[in-house]
>>> print(open('my_file.pdb').read())   # PDB, C-alpha atoms and all ligand atoms
MODEL        1
ATOM      1  CA  MET A   1      14.549  -4.162 -13.908  1.00  0.00           C
ATOM      2  CA  ARG A   2      16.354  -7.236 -12.682  1.00  0.00           C
ATOM      3  CA  LYS A   3      15.325  -8.910  -9.558  1.00  0.00           C
ATOM      4  CA  PRO A   4      17.800  -8.698  -6.716  1.00  0.00           C
ATOM      5  CA  PRO A   5      19.771 -11.874  -6.065  1.00  0.00           C
ATOM      6  CA  PRO A   6      18.078 -14.358  -3.775  1.00  0.00           C
ATOM      7  CA  ALA A   7      20.136 -13.412  -0.756  1.00  0.00           C
ATOM      8  CA  ALA A   8      17.993 -15.431   1.596  1.00  0.00           C
ATOM      9  CA  LEU A   9      18.621 -18.565  -0.371  1.00  0.00           C
ATOM     10  CA  VAL A  10      22.342 -17.910  -0.421  1.00  0.00           C
ATOM     11  CA  ALA A  11      22.288 -17.465   3.347  1.00  0.00           C
ATOM     12  CA  VAL A  12      20.471 -20.731   3.833  1.00  0.00           C
ATOM     13  CA  LEU A  13      22.957 -22.557   1.656  1.00  0.00           C
ATOM     14  CA  ALA A  14      25.848 -21.000   3.524  1.00  0.00           C
ATOM     15  CA  LEU A  15      24.401 -22.110   6.845  1.00  0.00           C
ATOM     16  CA  ALA A  16      23.760 -25.598   5.602  1.00  0.00           C
ATOM     17  CA  GLY A  17      27.285 -25.756   4.257  1.00  0.00           C
ATOM     18  CA  CYS A  18      28.892 -25.317   7.630  1.00  0.00           C
ATOM     19  CA  GLY A  19      27.007 -28.088   9.350  1.00  0.00           C
ATOM     20  CA  GLY A  20      29.007 -30.960  10.658  1.00  0.00           C
ATOM     21  CA  GLY A  21      32.168 -28.995  11.294  1.00  0.00           C
ATOM     22  CA  ASP A  22      34.356 -30.079  14.168  1.00  0.00           C
ATOM     23  CA  ASP A  23      34.546 -26.679  15.748  1.00  0.00           C
ATOM     24  CA  GLY A  24      31.472 -27.200  17.859  1.00  0.00           C
ATOM     25  CA  GLY A  25      28.456 -24.993  18.152  1.00  0.00           C
ATOM     26  CA  ASP A  26      29.419 -21.520  19.144  1.00  0.00           C
ATOM     27  CA  GLY A  27      26.054 -20.575  20.511  1.00  0.00           C
ATOM     28  CA  GLY A  28      25.382 -17.885  17.960  1.00  0.00           C
ATOM     29  CA  GLN A  29      27.992 -15.578  19.449  1.00  0.00           C
ATOM     30  CA  LYS A  30      29.261 -14.372  16.141  1.00  0.00           C
ATOM     31  CA  GLY A  31      30.738 -10.996  15.495  1.00  0.00           C
ATOM     32  CA  ASP A  32      31.826  -9.152  18.584  1.00  0.00           C
ATOM     33  CA  ALA A  33      32.931 -11.937  20.878  1.00  0.00           C
ATOM     34  CA  VAL A  34      34.253 -15.426  20.320  1.00  0.00           C
ATOM     35  CA  THR A  35      35.693 -18.160  22.477  1.00  0.00           C
ATOM     36  CA  VAL A  36      38.298 -20.610  21.293  1.00  0.00           C
ATOM     37  CA  GLY A  37      40.032 -23.575  22.831  1.00  0.00           C
ATOM     38  CA  HIS A  38      43.766 -24.046  23.154  1.00  0.00           C
ATOM     39  CA  ASN A  39      45.670 -24.706  19.934  1.00  0.00           C
ATOM     40  CA  GLN A  40      42.860 -23.124  17.988  1.00  0.00           C
ATOM     41  CA  PRO A  41      43.995 -20.126  15.948  1.00  0.00           C
ATOM     42  CA  ILE A  42      41.901 -17.009  16.281  1.00  0.00           C
ATOM     43  CA  ALA A  43      40.642 -15.558  13.017  1.00  0.00           C
ATOM     44  CA  PHE A  44      40.415 -11.775  12.950  1.00  0.00           C
ATOM     45  CA  GLY A  45      39.281  -9.386  10.286  1.00  0.00           C
ATOM     46  CA  ALA A  46      40.542  -5.811  10.068  1.00  0.00           C
ATOM     47  CA  THR A  47      38.774  -2.841   8.530  1.00  0.00           C
ATOM     48  CA  GLU A  48      38.961   0.914   9.044  1.00  0.00           C
ATOM     49  CA  TYR A  49      38.887   1.137  11.971  1.00  0.00           C
ATOM     50  CA  SER A  50      37.967  -1.946  13.850  1.00  0.00           C
ATOM     51  CA  PHE A  51      38.731  -5.581  14.418  1.00  0.00           C
ATOM     52  CA  GLU A  52      36.260  -8.371  14.323  1.00  0.00           C
ATOM     53  CA  PRO A  53      35.863 -10.010  16.713  1.00  0.00           C
ATOM     54  CA  LYS A  54      36.609  -7.341  19.302  1.00  0.00           C
ATOM     55  CA  THR A  55      36.677  -9.665  22.272  1.00  0.00           C
ATOM     56  CA  VAL A  56      38.227 -13.098  22.296  1.00  0.00           C
ATOM     57  CA  THR A  57      38.456 -15.591  25.098  1.00  0.00           C
ATOM     58  CA  VAL A  58      41.025 -18.350  24.865  1.00  0.00           C
ATOM     59  CA  ASN A  59      40.371 -21.303  27.104  1.00  0.00           C
ATOM     60  CA  ALA A  60      43.976 -22.385  27.379  1.00  0.00           C
ATOM     61  CA  GLY A  61      43.235 -25.226  29.779  1.00  0.00           C
ATOM     62  CA  THR A  62      46.385 -24.534  31.780  1.00  0.00           C
ATOM     63  CA  SER A  63      47.785 -21.958  34.147  1.00  0.00           C
ATOM     64  CA  LYS A  64      51.122 -22.021  32.334  1.00  0.00           C
ATOM     65  CA  PRO A  65      51.896 -19.655  29.484  1.00  0.00           C
ATOM     66  CA  SER A  66      50.813 -21.114  26.193  1.00  0.00           C
ATOM     67  CA  VAL A  67      51.092 -20.075  22.586  1.00  0.00           C
ATOM     68  CA  VAL A  68      48.113 -18.218  21.228  1.00  0.00           C
ATOM     69  CA  ARG A  69      48.059 -18.053  17.447  1.00  0.00           C
ATOM     70  CA  PHE A  70      46.025 -15.687  15.390  1.00  0.00           C
ATOM     71  CA  VAL A  71      45.365 -14.940  11.773  1.00  0.00           C
ATOM     72  CA  LEU A  72      44.428 -11.509  10.544  1.00  0.00           C
ATOM     73  CA  ARG A  73      42.736 -10.853   7.244  1.00  0.00           C
ATOM     74  CA  ASN A  74      42.955  -7.293   6.084  1.00  0.00           C
ATOM     75  CA  ASN A  75      39.515  -6.473   4.723  1.00  0.00           C
ATOM     76  CA  GLY A  76      40.163  -2.755   4.700  1.00  0.00           C
ATOM     77  CA  SER A  77      41.747  -0.352   2.248  1.00  0.00           C
ATOM     78  CA  LEU A  78      44.789   0.588   4.349  1.00  0.00           C
ATOM     79  CA  ALA A  79      47.664  -1.403   5.785  1.00  0.00           C
ATOM     80  CA  HIS A  80      47.068  -2.830   9.253  1.00  0.00           C
ATOM     81  CA  ASP A  81      48.510  -5.183  11.817  1.00  0.00           C
ATOM     82  CA  LEU A  82      47.429  -6.837  15.029  1.00  0.00           C
ATOM     83  CA  HIS A  83      49.491  -6.869  18.180  1.00  0.00           C
ATOM     84  CA  VAL A  84      48.957  -8.195  21.656  1.00  0.00           C
ATOM     85  CA  GLU A  85      50.025  -5.946  24.509  1.00  0.00           C
ATOM     86  CA  LYS A  86      49.874  -5.897  28.253  1.00  0.00           C
ATOM     87  CA  ASP A  87      50.681  -2.799  30.255  1.00  0.00           C
ATOM     88  CA  GLY A  88      52.103  -1.239  27.122  1.00  0.00           C
ATOM     89  CA  GLN A  89      54.500  -4.106  26.488  1.00  0.00           C
ATOM     90  CA  ASP A  90      54.344  -5.725  23.086  1.00  0.00           C
ATOM     91  CA  LEU A  91      53.991  -9.496  23.324  1.00  0.00           C
ATOM     92  CA  GLY A  92      53.691 -10.431  19.677  1.00  0.00           C
ATOM     93  CA  GLY A  93      51.774  -9.744  16.541  1.00  0.00           C
ATOM     94  CA  THR A  94      51.589  -9.741  12.796  1.00  0.00           C
ATOM     95  CA  PRO A  95      53.668  -7.589  10.478  1.00  0.00           C
ATOM     96  CA  ILE A  96      51.995  -4.537   8.999  1.00  0.00           C
ATOM     97  CA  PHE A  97      50.529  -5.686   5.725  1.00  0.00           C
ATOM     98  CA  ALA A  98      48.489  -4.596   2.752  1.00  0.00           C
ATOM     99  CA  PRO A  99      44.748  -4.786   2.116  1.00  0.00           C
ATOM    100  CA  GLY A 100      43.429  -8.062   0.773  1.00  0.00           C
ATOM    101  CA  LYS A 101      46.139 -10.132   2.429  1.00  0.00           C
ATOM    102  CA  THR A 102      46.271 -12.394   5.418  1.00  0.00           C
ATOM    103  CA  GLU A 103      49.067 -12.671   7.957  1.00  0.00           C
ATOM    104  CA  SER A 104      49.496 -14.675  11.093  1.00  0.00           C
ATOM    105  CA  GLY A 105      51.199 -14.056  14.388  1.00  0.00           C
ATOM    106  CA  GLN A 106      51.476 -15.504  17.842  1.00  0.00           C
ATOM    107  CA  ALA A 107      52.130 -14.637  21.432  1.00  0.00           C
ATOM    108  CA  THR A 108      52.941 -16.762  24.453  1.00  0.00           C
ATOM    109  CA  LEU A 109      50.450 -15.799  27.107  1.00  0.00           C
ATOM    110  CA  GLY A 110      49.561 -16.884  30.600  1.00  0.00           C
ATOM    111  CA  PRO A 111      46.092 -16.431  32.034  1.00  0.00           C
ATOM    112  CA  GLY A 112      45.060 -12.800  32.068  1.00  0.00           C
ATOM    113  CA  THR A 113      43.595  -9.965  30.085  1.00  0.00           C
ATOM    114  CA  TYR A 114      45.451  -8.454  27.175  1.00  0.00           C
ATOM    115  CA  GLU A 115      44.977  -5.611  24.776  1.00  0.00           C
ATOM    116  CA  LEU A 116      44.680  -6.136  21.039  1.00  0.00           C
ATOM    117  CA  LEU A 117      45.547  -3.248  18.795  1.00  0.00           C
ATOM    118  CA  CYS A 118      46.659  -2.068  15.406  1.00  0.00           C
ATOM    119  CA  THR A 119      49.973  -0.256  15.716  1.00  0.00           C
ATOM    120  CA  VAL A 120      49.654   1.673  12.443  1.00  0.00           C
ATOM    121  CA  GLY A 121      49.343   5.432  12.892  1.00  0.00           C
ATOM    122  CA  ASP A 122      46.520   6.322  15.233  1.00  0.00           C
ATOM    123  CA  HIS A 123      44.383   3.361  14.212  1.00  0.00           C
ATOM    124  CA  ALA A 124      44.085   2.060  17.753  1.00  0.00           C
ATOM    125  CA  ALA A 125      42.770   5.405  18.931  1.00  0.00           C
ATOM    126  CA  LEU A 126      40.303   5.348  16.049  1.00  0.00           C
ATOM    127  CA  GLY A 127      38.911   2.022  17.194  1.00  0.00           C
ATOM    128  CA  MET A 128      41.265  -0.719  16.089  1.00  0.00           C
ATOM    129  CA  LYS A 129      41.573  -2.385  19.429  1.00  0.00           C
ATOM    130  CA  GLY A 130      40.083  -5.223  21.339  1.00  0.00           C
ATOM    131  CA  THR A 131      40.433  -7.480  24.317  1.00  0.00           C
ATOM    132  CA  LEU A 132      41.979 -10.909  24.611  1.00  0.00           C
ATOM    133  CA  VAL A 133      41.286 -12.959  27.705  1.00  0.00           C
ATOM    134  CA  VAL A 134      43.225 -16.118  28.440  1.00  0.00           C
ATOM    135  CA  THR A 135      41.653 -18.433  30.978  1.00  0.00           C
ATOM    136  CA  THR A 136      42.716 -21.696  32.573  1.00  0.00           C
ATOM    137  CA  LYS A 137      39.420 -23.254  31.564  1.00  0.00           C
ATOM    138  CA  LYS A 138      39.387 -26.224  29.293  1.00  0.00           C
ATOM    139  CA  THR A 139      37.163 -26.232  26.295  1.00  0.00           C
ATOM    140  CA  THR A 140      35.806 -29.693  25.812  1.00  0.00           C
ATOM    141  CA  ARG A 141      33.646 -30.251  22.823  1.00  0.00           C
ATOM    142  CA  PRO A 142      30.498 -28.308  22.016  1.00  0.00           C
ATOM    143  CA  ALA A 143      29.013 -28.354  25.521  1.00  0.00           C
ATOM    144  CA  ASP A 144      29.447 -24.720  26.431  1.00  0.00           C
ATOM    145  CA  PRO A 145      28.794 -24.026  30.118  1.00  0.00           C
ATOM    146  CA  ASP A 146      27.938 -20.439  29.298  1.00  0.00           C
ATOM    147  CA  ALA A 147      25.275 -21.338  26.777  1.00  0.00           C
ATOM    148  CA  ALA A 148      21.977 -21.491  28.557  1.00  0.00           C
ATOM    149  CA  GLY A 149      19.725 -24.366  27.590  1.00  0.00           C
ATOM    150  CA  GLY A 150      21.785 -26.379  25.195  1.00  0.00           C
ATOM    151  CA  GLU A 151      18.933 -28.767  24.546  1.00  0.00           C
ATOM    152  CA  ASP A 152      17.224 -26.818  21.830  1.00  0.00           C
ATOM    153  CA  LYS A 153      20.145 -26.465  19.489  1.00  0.00           C
ATOM    154  CA  ASP A 154      18.183 -28.028  16.678  1.00  0.00           C
ATOM    155  CA  ALA A 155      15.276 -25.652  17.044  1.00  0.00           C
ATOM    156  CA  GLY A 156      16.572 -23.249  14.472  1.00  0.00           C
ATOM    157  CA  GLY A 157      14.470 -24.576  11.642  1.00  0.00           C
ATOM    158  CA  GLU A 158      17.169 -26.727  10.122  1.00  0.00           C
ATOM    159  CA  SER A 159      14.761 -29.559   9.541  1.00  0.00           C
ATOM    160  CA  GLU A 160      16.085 -32.812   8.262  1.00  0.00           C
ATOM    161  CA  GLU A 161      15.051 -33.727   4.811  1.00  0.00           C
ATOM    162  CA  PRO A 162      14.556 -37.325   3.819  1.00  0.00           C
TER
HETATM  163 CU    CU B 201      45.199  -0.314  11.378  1.00  0.00          CU
ENDMDL
END
>>> encode(input="my_file.pdb", output="structure tokens", more="lines below")
Ligand SMILES: [Cu+2]
Amino acid sequence: MRKPPPAALVAVLALAGCGGGDDGGDGGQKGDAVTVGHNQPIAFGATEYSFEPKTVTVNAGTSKPSVVRFVLRNNGSLAHDLHVEKDGQDLGGTPIFAPGKTESGQATLGPGTYELLCTVGDHAALGMKGTLVVTTKKTTRPADPDAAGGEDKDAGGESEEP
């Protein structure tokens, strides 16, 4: 029997590989909820039948409507899309596209709460929906006011090697 691949090692390498990025520390909030600054495209993944992340906050830094861009990668086995709606009104989105592809879209949004959904068939009812919140807050650098105790960010065992 073969040994399973050293998944732990791969994970460590992957983590090490993303150090030093300019996107700031995101406090470990991966998966369900992410926060982005203005001008920062939101990366979504689609599967049957959900989006990841499900909840996105855009700190637009202004009370005026601003362009929110997003990129959807279809990781599923059916065609999907991603649209932004408010009160049933479509505000923008990607085309419907095939599995394995990536499409982008955008919507011009003022501060508020919006619905994200896949418009294909009954996908939204099956779970392909989410929430987009646009705030007037400014995102400045890594310092995240919501992250409690930002002093121990290096405590995760990523020790420096000589
Ligand atoms: Cu769908």
>>> resolve_selection(input="my_file.pdb", expression="the PyMOL selection byres (((not hetatm)) within 12 of (chain B and resi 201))", output="PyMOL selection string")
chain A and resi 45-51+72-83+94-99+116-129
>>> resolve_selection(input="my_file.pdb", expression="the PyMOL selection byres (((chain A and resi 92) around 9) and not hetatm)", output="PDB file with C-alpha atoms, keeping the file's coordinate frame")
ATOM      1  CA  LEU A  82      47.429  -6.837  15.029  1.00  0.00           C
ATOM      2  CA  HIS A  83      49.491  -6.869  18.180  1.00  0.00           C
ATOM      3  CA  VAL A  84      48.957  -8.195  21.656  1.00  0.00           C
ATOM      4  CA  GLU A  85      50.025  -5.946  24.509  1.00  0.00           C
ATOM      5  CA  ASP A  90      54.344  -5.725  23.086  1.00  0.00           C
ATOM      6  CA  LEU A  91      53.991  -9.496  23.324  1.00  0.00           C
ATOM      7  CA  GLY A  93      51.774  -9.744  16.541  1.00  0.00           C
ATOM      8  CA  THR A  94      51.589  -9.741  12.796  1.00  0.00           C
ATOM      9  CA  GLY A 105      51.199 -14.056  14.388  1.00  0.00           C
ATOM     10  CA  GLN A 106      51.476 -15.504  17.842  1.00  0.00           C
ATOM     11  CA  ALA A 107      52.130 -14.637  21.432  1.00  0.00           C
ATOM     12  CA  THR A 108      52.941 -16.762  24.453  1.00  0.00           C
TER      13      THR A 108
END
>>> resolve_selection(input="my_file.pdb", expression="the PyMOL selection byres (((chain A and resi 58-63) around 10) and not hetatm)", output="ChimeraX atom specification")
/A:34-42,56-57,64-68,109-112,132-140
>>> atom_distance(input="my_file.pdb", atom1="atom CA of Thr113 of chain A", atom2="atom CA of Lys101 of chain A")
27.8 Å
>>> axis_aligned_box(input="my_file.pdb", around="segment 69-87 of chain A", padding_each_side="3 Å", output="lines of an AutoDock Vina configuration file")
center_x = 45.1
center_y = -8.7
center_z = 16.3
size_x = 17.2
size_y = 24.6
size_z = 34.0
>>> atom_distance(input="my_file.pdb", atom1="atom CA of Ser104 of chain A", atom2="atom CA of Arg69 of chain A")
7.3 Å
>>> atom_distance(input="my_file.pdb", atom1="atom CA of Asp87 of chain A", atom2="atom CA of Lys54 of chain A")
18.4 Å
>>> decode(input="my_file.pdb", residues="segment 12-142 of chain A", atoms="C-alpha atoms", output="tab-separated table (two decimals), in the first residue's frame")
chain	number	residue	atom	x	y	z
A	12	VAL	CA	2.31	24.29	5.40
A	13	LEU	CA	3.94	25.13	2.10
A	14	ALA	CA	0.75	26.72	0.85
A	15	LEU	CA	0.52	28.88	3.96
A	16	ALA	CA	4.12	29.90	3.73
A	17	GLY	CA	3.64	30.74	0.08
A	18	CYS	CA	1.06	33.40	0.74
A	19	GLY	CA	3.09	35.33	3.25
A	20	GLY	CA	4.01	38.85	2.37
A	21	GLY	CA	1.00	39.51	0.18
A	22	ASP	CA	-0.33	43.04	0.07
A	23	ASP	CA	-3.87	42.08	0.86
A	24	GLY	CA	-3.39	42.35	4.59
A	25	GLY	CA	-4.21	39.81	7.23
A	26	ASP	CA	-7.79	38.79	7.05
A	27	GLY	CA	-8.01	37.55	10.59
A	28	GLY	CA	-8.65	33.96	9.67
A	29	GLN	CA	-12.15	34.71	8.43
A	30	LYS	CA	-11.94	32.42	5.48
A	31	GLY	CA	-14.83	30.63	3.93
A	32	ASP	CA	-18.20	32.00	4.86
A	33	ALA	CA	-17.51	35.69	5.27
A	34	VAL	CA	-14.95	38.06	3.85
A	35	THR	CA	-14.35	41.78	3.92
A	36	VAL	CA	-12.76	43.70	1.09
A	37	GLY	CA	-11.79	47.29	0.56
A	38	HIS	CA	-12.91	49.50	-2.29
A	39	ASN	CA	-11.49	48.69	-5.72
A	40	GLN	CA	-10.78	45.18	-4.56
A	41	PRO	CA	-12.57	42.56	-6.65
A	42	ILE	CA	-14.45	39.92	-4.73
A	43	ALA	CA	-13.55	36.34	-5.60
A	44	PHE	CA	-16.44	33.89	-5.43
A	45	GLY	CA	-16.62	30.19	-6.04
A	46	ALA	CA	-19.80	28.46	-7.17
A	47	THR	CA	-20.77	24.84	-6.60
A	48	GLU	CA	-24.07	22.98	-6.43
A	49	TYR	CA	-25.65	24.70	-4.66
A	50	SER	CA	-23.80	27.37	-2.84
A	51	PHE	CA	-21.47	30.30	-3.16
A	52	GLU	CA	-18.32	30.80	-1.23
A	53	PRO	CA	-18.05	33.17	0.48
A	54	LYS	CA	-21.71	33.56	1.40
A	55	THR	CA	-21.35	36.93	3.06
A	56	VAL	CA	-19.19	39.75	1.79
A	57	THR	CA	-18.67	43.18	3.22
A	58	VAL	CA	-17.29	45.89	0.97
A	59	ASN	CA	-15.81	48.84	2.79
A	60	ALA	CA	-16.38	51.32	0.01
A	61	GLY	CA	-15.04	54.27	1.99
A	62	THR	CA	-17.70	56.59	0.60
A	63	SER	CA	-21.41	57.20	0.86
A	64	LYS	CA	-21.67	57.59	-2.91
A	65	PRO	CA	-22.42	54.66	-5.18
A	66	SER	CA	-19.26	52.92	-6.23
A	67	VAL	CA	-18.42	50.08	-8.55
A	68	VAL	CA	-18.15	46.71	-6.91
A	69	ARG	CA	-16.41	44.13	-9.06
A	70	PHE	CA	-16.54	40.43	-8.59
A	71	VAL	CA	-15.12	37.33	-10.16
A	72	LEU	CA	-16.91	34.01	-10.09
A	73	ARG	CA	-15.20	30.70	-10.63
A	74	ASN	CA	-17.53	27.89	-11.46
A	75	ASN	CA	-16.28	24.93	-9.45
A	76	GLY	CA	-19.45	22.95	-9.96
A	77	SER	CA	-20.73	20.62	-12.66
A	78	LEU	CA	-23.60	22.81	-13.90
A	79	ALA	CA	-23.75	26.27	-15.42
A	80	HIS	CA	-24.11	29.11	-12.92
A	81	ASP	CA	-24.02	32.86	-12.62
A	82	LEU	CA	-23.90	35.45	-9.88
A	83	HIS	CA	-26.16	38.46	-9.72
A	84	VAL	CA	-26.62	41.27	-7.27
A	85	GLU	CA	-30.19	42.24	-6.46
A	86	LYS	CA	-32.01	44.57	-4.15
A	87	ASP	CA	-35.75	44.35	-3.62
A	88	GLY	CA	-35.96	42.02	-6.59
A	89	GLN	CA	-34.23	44.46	-8.93
A	90	ASP	CA	-31.22	43.17	-10.80
A	91	LEU	CA	-28.22	45.45	-10.40
A	92	GLY	CA	-25.57	43.52	-12.29
A	93	GLY	CA	-23.89	40.19	-12.55
A	94	THR	CA	-21.99	37.68	-14.58
A	95	PRO	CA	-23.31	35.83	-17.61
A	96	ILE	CA	-24.40	32.24	-17.09
A	97	PHE	CA	-21.35	30.15	-17.81
A	98	ALA	CA	-20.03	26.63	-17.88
A	99	PRO	CA	-18.22	24.61	-15.21
A	100	GLY	CA	-14.49	25.13	-14.94
A	101	LYS	CA	-14.63	28.71	-16.20
A	102	THR	CA	-14.35	32.08	-14.58
A	103	GLU	CA	-16.38	35.17	-15.37
A	104	SER	CA	-16.48	38.62	-13.91
A	105	GLY	CA	-19.21	41.16	-13.37
A	106	GLN	CA	-19.85	44.40	-11.59
A	107	ALA	CA	-22.54	46.50	-10.03
A	108	THR	CA	-22.63	50.12	-8.94
A	109	LEU	CA	-23.80	50.11	-5.36
A	110	GLY	CA	-24.33	52.63	-2.61
A	111	PRO	CA	-24.15	51.69	1.05
A	112	GLY	CA	-26.68	49.03	1.93
A	113	THR	CA	-27.43	45.35	1.99
A	114	TYR	CA	-27.87	43.40	-1.21
A	115	GLU	CA	-28.77	39.90	-2.20
A	116	LEU	CA	-26.42	37.66	-4.14
A	117	LEU	CA	-27.92	34.85	-6.13
A	118	CYS	CA	-27.59	32.44	-9.00
A	119	THR	CA	-30.37	33.06	-11.50
A	120	VAL	CA	-30.18	29.62	-13.13
A	121	GLY	CA	-33.27	27.48	-12.59
A	122	ASP	CA	-34.11	27.16	-8.93
A	123	HIS	CA	-30.49	27.32	-7.81
A	124	ALA	CA	-31.09	30.27	-5.51
A	125	ALA	CA	-33.85	28.40	-3.73
A	126	LEU	CA	-31.51	25.43	-3.41
A	127	GLY	CA	-28.93	27.56	-1.63
A	128	MET	CA	-27.06	29.59	-4.21
A	129	LYS	CA	-27.49	32.91	-2.52
A	130	GLY	CA	-25.64	35.19	-0.22
A	131	THR	CA	-25.43	38.65	1.21
A	132	LEU	CA	-23.41	41.64	0.10
A	133	VAL	CA	-23.06	44.57	2.45
A	134	VAL	CA	-21.61	47.86	1.28
A	135	THR	CA	-20.45	50.19	4.02
A	136	THR	CA	-19.02	53.69	4.06
A	137	LYS	CA	-16.11	52.47	6.14
A	138	LYS	CA	-12.62	52.79	4.83
A	139	THR	CA	-10.35	49.84	4.89
A	140	THR	CA	-6.88	51.01	5.68
A	141	ARG	CA	-4.19	48.42	5.69
A	142	PRO	CA	-4.21	45.27	7.79
